[in-house]
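Participant: Could you have a look at this structure, given as structure tokens, before my questions?
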Amino acid sequence: MFKKILFPVDLGNLESQEKARLRALQMAELCGSELHVLSVVAVTGLHAADMYLPDDLEKKLIERAQADLHAYAAEQLAREGLHVNAAVAEGTIYKEILSYAETHGINLIVLASHRPELSDYLIGPNAARVVRHANCSVMVIRGD
């Protein structure tokens, strides 16, 4: 059914993603799938405030995200017989999720979502963009 499952995580808000983590694990175990876990670091880009930030800030943010993600994968996703791939990308969250899914032949993306607020309807959350543009199935799990 689903050979490769992607579970994107926000390392700064793990508690809101617990239901999605459990569902991603359940689906991976049920289907005998590879589980890919991805965290995206939003890079600062060329903004006016960048000149006041340390030159190696992006590098340190990415290194920290990699360490945190590998620890999370080892603690929360490790199961006997389950192959887990952990990766960190940098850029726009929904674009990096879609790019990773396309590049790695992902069959299912399991996303955590929150209750929509008015601003979400006006500008669109990352989950909605992933759902609209993904070339594979997407399962959105409410973290309420």
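To be explicit about the labels: the chains of the structure tokens are called A, B, and onward in the order shown, and within each one the residues are counted from 1, while ligands get numbers from 1 in the order they are shown.
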Run DSSP on the backbone and tell me which residues of chain A come out as helix (DSSP H, G or I); list them as number ranges by chain.
Facilitator: A: 14-31, 48-52, 57-77, 93-103, 118-123, 126-133
Participant: Write a file of the just-selected residues containing C-alpha atoms, as a PDB file, in the first residue's frame.
Facilitator:
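File written: part07.pdb
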ATOM      1  CA  LEU A  14       6.123  18.589  19.350  1.00  0.00           C
ATOM      2  CA  GLU A  15       3.238  18.219  21.798  1.00  0.00           C
ATOM      3  CA  SER A  16       0.702  19.356  19.185  1.00  0.00           C
ATOM      4  CA  GLN A  17       1.895  16.625  16.837  1.00  0.00           C
ATOM      5  CA  GLU A  18       1.509  13.638  19.145  1.00  0.00           C
ATOM      6  CA  LYS A  19      -1.615  12.246  17.444  1.00  0.00           C
ATOM      7  CA  ALA A  20       0.039  12.546  14.029  1.00  0.00           C
ATOM      8  CA  ARG A  21       3.192  10.824  15.334  1.00  0.00           C
ATOM      9  CA  LEU A  22       1.137   7.915  16.609  1.00  0.00           C
ATOM     10  CA  ARG A  23      -0.792   7.655  13.323  1.00  0.00           C
ATOM     11  CA  ALA A  24       2.411   7.809  11.238  1.00  0.00           C
ATOM     12  CA  LEU A  25       3.904   4.997  13.329  1.00  0.00           C
ATOM     13  CA  GLN A  26       0.709   2.976  13.079  1.00  0.00           C
ATOM     14  CA  MET A  27       0.561   3.349   9.299  1.00  0.00           C
ATOM     15  CA  ALA A  28       4.261   2.522   8.872  1.00  0.00           C
ATOM     16  CA  GLU A  29       3.958  -0.612  11.007  1.00  0.00           C
ATOM     17  CA  LEU A  30       0.696  -1.695   9.364  1.00  0.00           C
ATOM     18  CA  CYS A  31       2.067  -1.274   5.832  1.00  0.00           C
ATOM     19  CA  ALA A  48      17.293  44.094   7.009  1.00  0.00           C
ATOM     20  CA  ALA A  49      17.818  42.480  10.425  1.00  0.00           C
ATOM     21  CA  ASP A  50      20.274  39.897   9.050  1.00  0.00           C
ATOM     22  CA  MET A  51      23.199  42.279   9.322  1.00  0.00           C
ATOM     23  CA  TYR A  52      22.753  42.207  13.113  1.00  0.00           C
ATOM     24  CA  LEU A  57      23.477  31.559  12.564  1.00  0.00           C
ATOM     25  CA  GLU A  58      21.895  29.494   9.765  1.00  0.00           C
ATOM     26  CA  LYS A  59      24.588  26.839  10.071  1.00  0.00           C
ATOM     27  CA  LYS A  60      24.076  26.622  13.840  1.00  0.00           C
ATOM     28  CA  LEU A  61      20.275  26.466  13.471  1.00  0.00           C
ATOM     29  CA  ILE A  62      20.566  23.600  10.992  1.00  0.00           C
ATOM     30  CA  GLU A  63      23.080  21.713  13.133  1.00  0.00           C
ATOM     31  CA  ARG A  64      20.835  22.109  16.174  1.00  0.00           C
ATOM     32  CA  ALA A  65      17.782  20.952  14.201  1.00  0.00           C
ATOM     33  CA  GLN A  66      19.677  17.881  12.986  1.00  0.00           C
ATOM     34  CA  ALA A  67      20.728  16.944  16.518  1.00  0.00           C
ATOM     35  CA  ASP A  68      17.220  17.535  17.893  1.00  0.00           C
ATOM     36  CA  LEU A  69      15.546  15.607  15.071  1.00  0.00           C
ATOM     37  CA  HIS A  70      17.838  12.586  15.412  1.00  0.00           C
ATOM     38  CA  ALA A  71      17.212  12.534  19.173  1.00  0.00           C
ATOM     39  CA  TYR A  72      13.456  12.791  18.576  1.00  0.00           C
ATOM     40  CA  ALA A  73      13.538   9.983  16.009  1.00  0.00           C
ATOM     41  CA  ALA A  74      15.545   7.744  18.350  1.00  0.00           C
ATOM     42  CA  GLU A  75      13.269   8.425  21.336  1.00  0.00           C
ATOM     43  CA  GLN A  76       9.829   8.675  19.718  1.00  0.00           C
ATOM     44  CA  LEU A  77       9.936   6.749  16.442  1.00  0.00           C
ATOM     45  CA  ILE A  93       8.083  24.736   5.020  1.00  0.00           C
ATOM     46  CA  TYR A  94       5.434  23.538   2.567  1.00  0.00           C
ATOM     47  CA  LYS A  95       7.808  23.745  -0.422  1.00  0.00           C
ATOM     48  CA  GLU A  96      10.436  21.656   1.340  1.00  0.00           C
ATOM     49  CA  ILE A  97       7.864  19.055   2.381  1.00  0.00           C
ATOM     50  CA  LEU A  98       6.624  18.762  -1.207  1.00  0.00           C
ATOM     51  CA  SER A  99      10.151  18.660  -2.592  1.00  0.00           C
ATOM     52  CA  TYR A 100      11.229  15.955  -0.162  1.00  0.00           C
ATOM     53  CA  ALA A 101       8.153  13.875  -0.940  1.00  0.00           C
ATOM     54  CA  GLU A 102       8.771  14.131  -4.672  1.00  0.00           C
ATOM     55  CA  THR A 103      12.513  13.443  -4.445  1.00  0.00           C
ATOM     56  CA  LEU A 118      -9.319  33.336  10.609  1.00  0.00           C
ATOM     57  CA  SER A 119      -5.763  34.140   9.504  1.00  0.00           C
ATOM     58  CA  ASP A 120      -5.389  30.571   8.185  1.00  0.00           C
ATOM     59  CA  TYR A 121      -8.326  31.086   5.840  1.00  0.00           C
ATOM     60  CA  LEU A 122      -6.849  34.326   4.547  1.00  0.00           C
ATOM     61  CA  ILE A 123      -3.225  33.294   3.988  1.00  0.00           C
ATOM     62  CA  ASN A 126       1.349  24.933   5.371  1.00  0.00           C
ATOM     63  CA  ALA A 127      -0.885  21.874   5.752  1.00  0.00           C
ATOM     64  CA  ALA A 128      -3.434  23.242   3.288  1.00  0.00           C
ATOM     65  CA  ARG A 129      -0.717  23.980   0.753  1.00  0.00           C
ATOM     66  CA  VAL A 130       0.730  20.506   1.083  1.00  0.00           C
ATOM     67  CA  VAL A 131      -2.725  18.963   0.622  1.00  0.00           C
ATOM     68  CA  ARG A 132      -3.393  21.069  -2.485  1.00  0.00           C
ATOM     69  CA  HIS A 133      -0.062  20.475  -4.197  1.00  0.00           C
TER      70      HIS A 133
END
Participant: Which residues are close to Glu90 (chain A), i.e. within 9 Å by only C-alpha atoms, leaving aside same-chain residues fewer than 4 positions away? Reply as a list of chain:residue names.
Facilitator: A:Ser39, A:Val40, A:Val41, A:Ala42, A:Val43, A:Ile62, A:Glu96
Participant: Write a file of the just-selected residues containing C-alpha atoms, as an mmCIF file, in the first residue's frame.
Facilitator:
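selection.cif, freshly written:
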data_model
loop_
_atom_site.group_PDB
_atom_site.id
_atom_site.type_symbol
_atom_site.label_atom_id
_atom_site.label_comp_id
_atom_site.auth_asym_id
_atom_site.auth_seq_id
_atom_site.Cartn_x
_atom_site.Cartn_y
_atom_site.Cartn_z
ATOM 1 C CA SER A 39 12.022 19.069 9.948
ATOM 2 C CA VAL A 40 12.291 22.328 8.033
ATOM 3 C CA VAL A 41 14.381 25.253 9.238
ATOM 4 C CA ALA A 42 13.060 28.528 7.869
ATOM 5 C CA VAL A 43 16.201 30.391 6.828
ATOM 6 C CA ILE A 62 20.566 23.600 10.992
ATOM 7 C CA GLU A 96 10.436 21.656 1.340
#
Participant: For region 7-9 of chain A, list every protein, DNA or RNA residue within 7 Å, evaluated using only C-alpha atoms, and leave out those in the same chain fewer than 2 positions away; present the list as a PDB file with N, CA and C atoms, in the first residue's frame.
Facilitator:
ATOM      1  N   ILE A   5       6.454   6.597   3.937  1.00  0.00           N
ATOM      2  CA  ILE A   5       5.584   7.555   4.618  1.00  0.00           C
ATOM      3  C   ILE A   5       6.441   8.698   5.147  1.00  0.00           C
ATOM      4  N   LEU A  11       9.858  20.924  15.321  1.00  0.00           N
ATOM      5  CA  LEU A  11      10.595  20.608  16.537  1.00  0.00           C
ATOM      6  C   LEU A  11      10.297  21.569  17.683  1.00  0.00           C
ATOM      7  N   ALA A  24       1.327   8.107  12.181  1.00  0.00           N
ATOM      8  CA  ALA A  24       2.411   7.809  11.238  1.00  0.00           C
ATOM      9  C   ALA A  24       3.077   6.481  11.597  1.00  0.00           C
ATOM     10  N   HIS A  36       9.827   8.312   7.015  1.00  0.00           N
ATOM     11  CA  HIS A  36      10.713   9.464   6.854  1.00  0.00           C
ATOM     12  C   HIS A  36      10.198  10.573   7.760  1.00  0.00           C
ATOM     13  N   VAL A  37      11.083  11.147   8.545  1.00  0.00           N
ATOM     14  CA  VAL A  37      10.716  12.268   9.402  1.00  0.00           C
ATOM     15  C   VAL A  37      11.547  13.471   8.943  1.00  0.00           C
ATOM     16  N   LEU A  38      10.862  14.591   8.739  1.00  0.00           N
ATOM     17  CA  LEU A  38      11.494  15.777   8.170  1.00  0.00           C
ATOM     18  C   LEU A  38      11.190  16.993   9.027  1.00  0.00           C
ATOM     19  N   SER A  39      12.208  17.781   9.290  1.00  0.00           N
ATOM     20  CA  SER A  39      12.022  19.069   9.948  1.00  0.00           C
ATOM     21  C   SER A  39      12.576  20.139   9.017  1.00  0.00           C
ATOM     22  N   ILE A 109       1.898  11.323   3.068  1.00  0.00           N
ATOM     23  CA  ILE A 109       2.385  12.333   4.003  1.00  0.00           C
ATOM     24  C   ILE A 109       1.387  12.380   5.153  1.00  0.00           C
ATOM     25  N   VAL A 110       1.866  12.229   6.385  1.00  0.00           N
ATOM     26  CA  VAL A 110       1.029  12.328   7.573  1.00  0.00           C
ATOM     27  C   VAL A 110       1.375  13.639   8.264  1.00  0.00           C
ATOM     28  N   LEU A 111       0.425  14.571   8.248  1.00  0.00           N
ATOM     29  CA  LEU A 111       0.648  15.920   8.770  1.00  0.00           C
ATOM     30  C   LEU A 111      -0.183  16.190  10.004  1.00  0.00           C
TER      31      LEU A 111
END
Participant: List every residue of region 8-127 of chain A that DSSP, applied to the backbone, labels as strand (DSSP E), and write the result as a ChimeraX atom specification.
Facilitator: /A:8,34-41,84-90,108-113
Participant: Those same residues - N, CA and C atoms - I'd like them written as a tab-separated table (two decimals), in the first residue's frame.
Facilitator:
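And here's result.tsv as it stands now:
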chain	number	residue	atom	x	y	z
A	8	PRO	N	6.34	15.09	8.57
A	8	PRO	CA	7.04	16.35	8.84
A	8	PRO	C	6.75	16.79	10.28
A	34	GLU	N	8.81	2.34	5.07
A	34	GLU	CA	9.87	3.19	5.58
A	34	GLU	C	9.19	4.43	6.13
A	35	LEU	N	9.68	4.93	7.26
A	35	LEU	CA	9.14	6.17	7.82
A	35	LEU	C	10.20	7.26	7.69
A	36	HIS	N	9.83	8.31	7.02
A	36	HIS	CA	10.71	9.46	6.85
A	36	HIS	C	10.20	10.57	7.76
A	37	VAL	N	11.08	11.15	8.55
A	37	VAL	CA	10.72	12.27	9.40
A	37	VAL	C	11.55	13.47	8.94
A	38	LEU	N	10.86	14.59	8.74
A	38	LEU	CA	11.49	15.78	8.17
A	38	LEU	C	11.19	16.99	9.03
A	39	SER	N	12.21	17.78	9.29
A	39	SER	CA	12.02	19.07	9.95
A	39	SER	C	12.58	20.14	9.02
A	40	VAL	N	11.88	21.25	8.92
A	40	VAL	CA	12.29	22.33	8.03
A	40	VAL	C	12.69	23.54	8.87
A	41	VAL	N	13.89	24.03	8.60
A	41	VAL	CA	14.38	25.25	9.24
A	41	VAL	C	14.13	26.39	8.27
A	84	VAL	N	13.68	4.10	9.88
A	84	VAL	CA	13.36	5.53	9.99
A	84	VAL	C	14.49	6.35	9.38
A	85	ASN	N	14.13	7.25	8.48
A	85	ASN	CA	15.07	8.20	7.89
A	85	ASN	C	14.76	9.58	8.45
A	86	ALA	N	15.75	10.26	9.02
A	86	ALA	CA	15.56	11.60	9.57
A	86	ALA	C	16.33	12.60	8.72
A	87	ALA	N	15.67	13.69	8.33
A	87	ALA	CA	16.31	14.70	7.49
A	87	ALA	C	15.86	16.10	7.90
A	88	VAL	N	16.76	17.04	7.69
A	88	VAL	CA	16.46	18.45	7.93
A	88	VAL	C	16.64	19.18	6.61
A	89	ALA	N	15.67	20.03	6.31
A	89	ALA	CA	15.75	20.86	5.10
A	89	ALA	C	15.69	22.31	5.54
A	90	GLU	N	16.10	23.19	4.67
A	90	GLU	CA	16.01	24.61	4.97
A	90	GLU	C	15.28	25.32	3.85
A	108	LEU	N	2.75	8.59	1.07
A	108	LEU	CA	1.80	9.15	2.02
A	108	LEU	C	2.51	10.17	2.91
A	109	ILE	N	1.90	11.32	3.07
A	109	ILE	CA	2.38	12.33	4.00
A	109	ILE	C	1.39	12.38	5.15
A	110	VAL	N	1.87	12.23	6.38
A	110	VAL	CA	1.03	12.33	7.57
A	110	VAL	C	1.38	13.64	8.26
A	111	LEU	N	0.42	14.57	8.25
A	111	LEU	CA	0.65	15.92	8.77
A	111	LEU	C	-0.18	16.19	10.00
A	112	ALA	N	0.41	16.88	10.95
A	112	ALA	CA	-0.34	17.39	12.09
A	112	ALA	C	-0.94	18.73	11.70
A	113	SER	N	-2.11	19.01	12.22
A	113	SER	CA	-2.75	20.29	11.95
A	113	SER	C	-3.43	20.77	13.22
Participant: Report, in Å with one decimal, the straight-line distance from CA of Asp10 (chain A) to CA of Met139 (chain A).
Facilitator: 16.4 Å
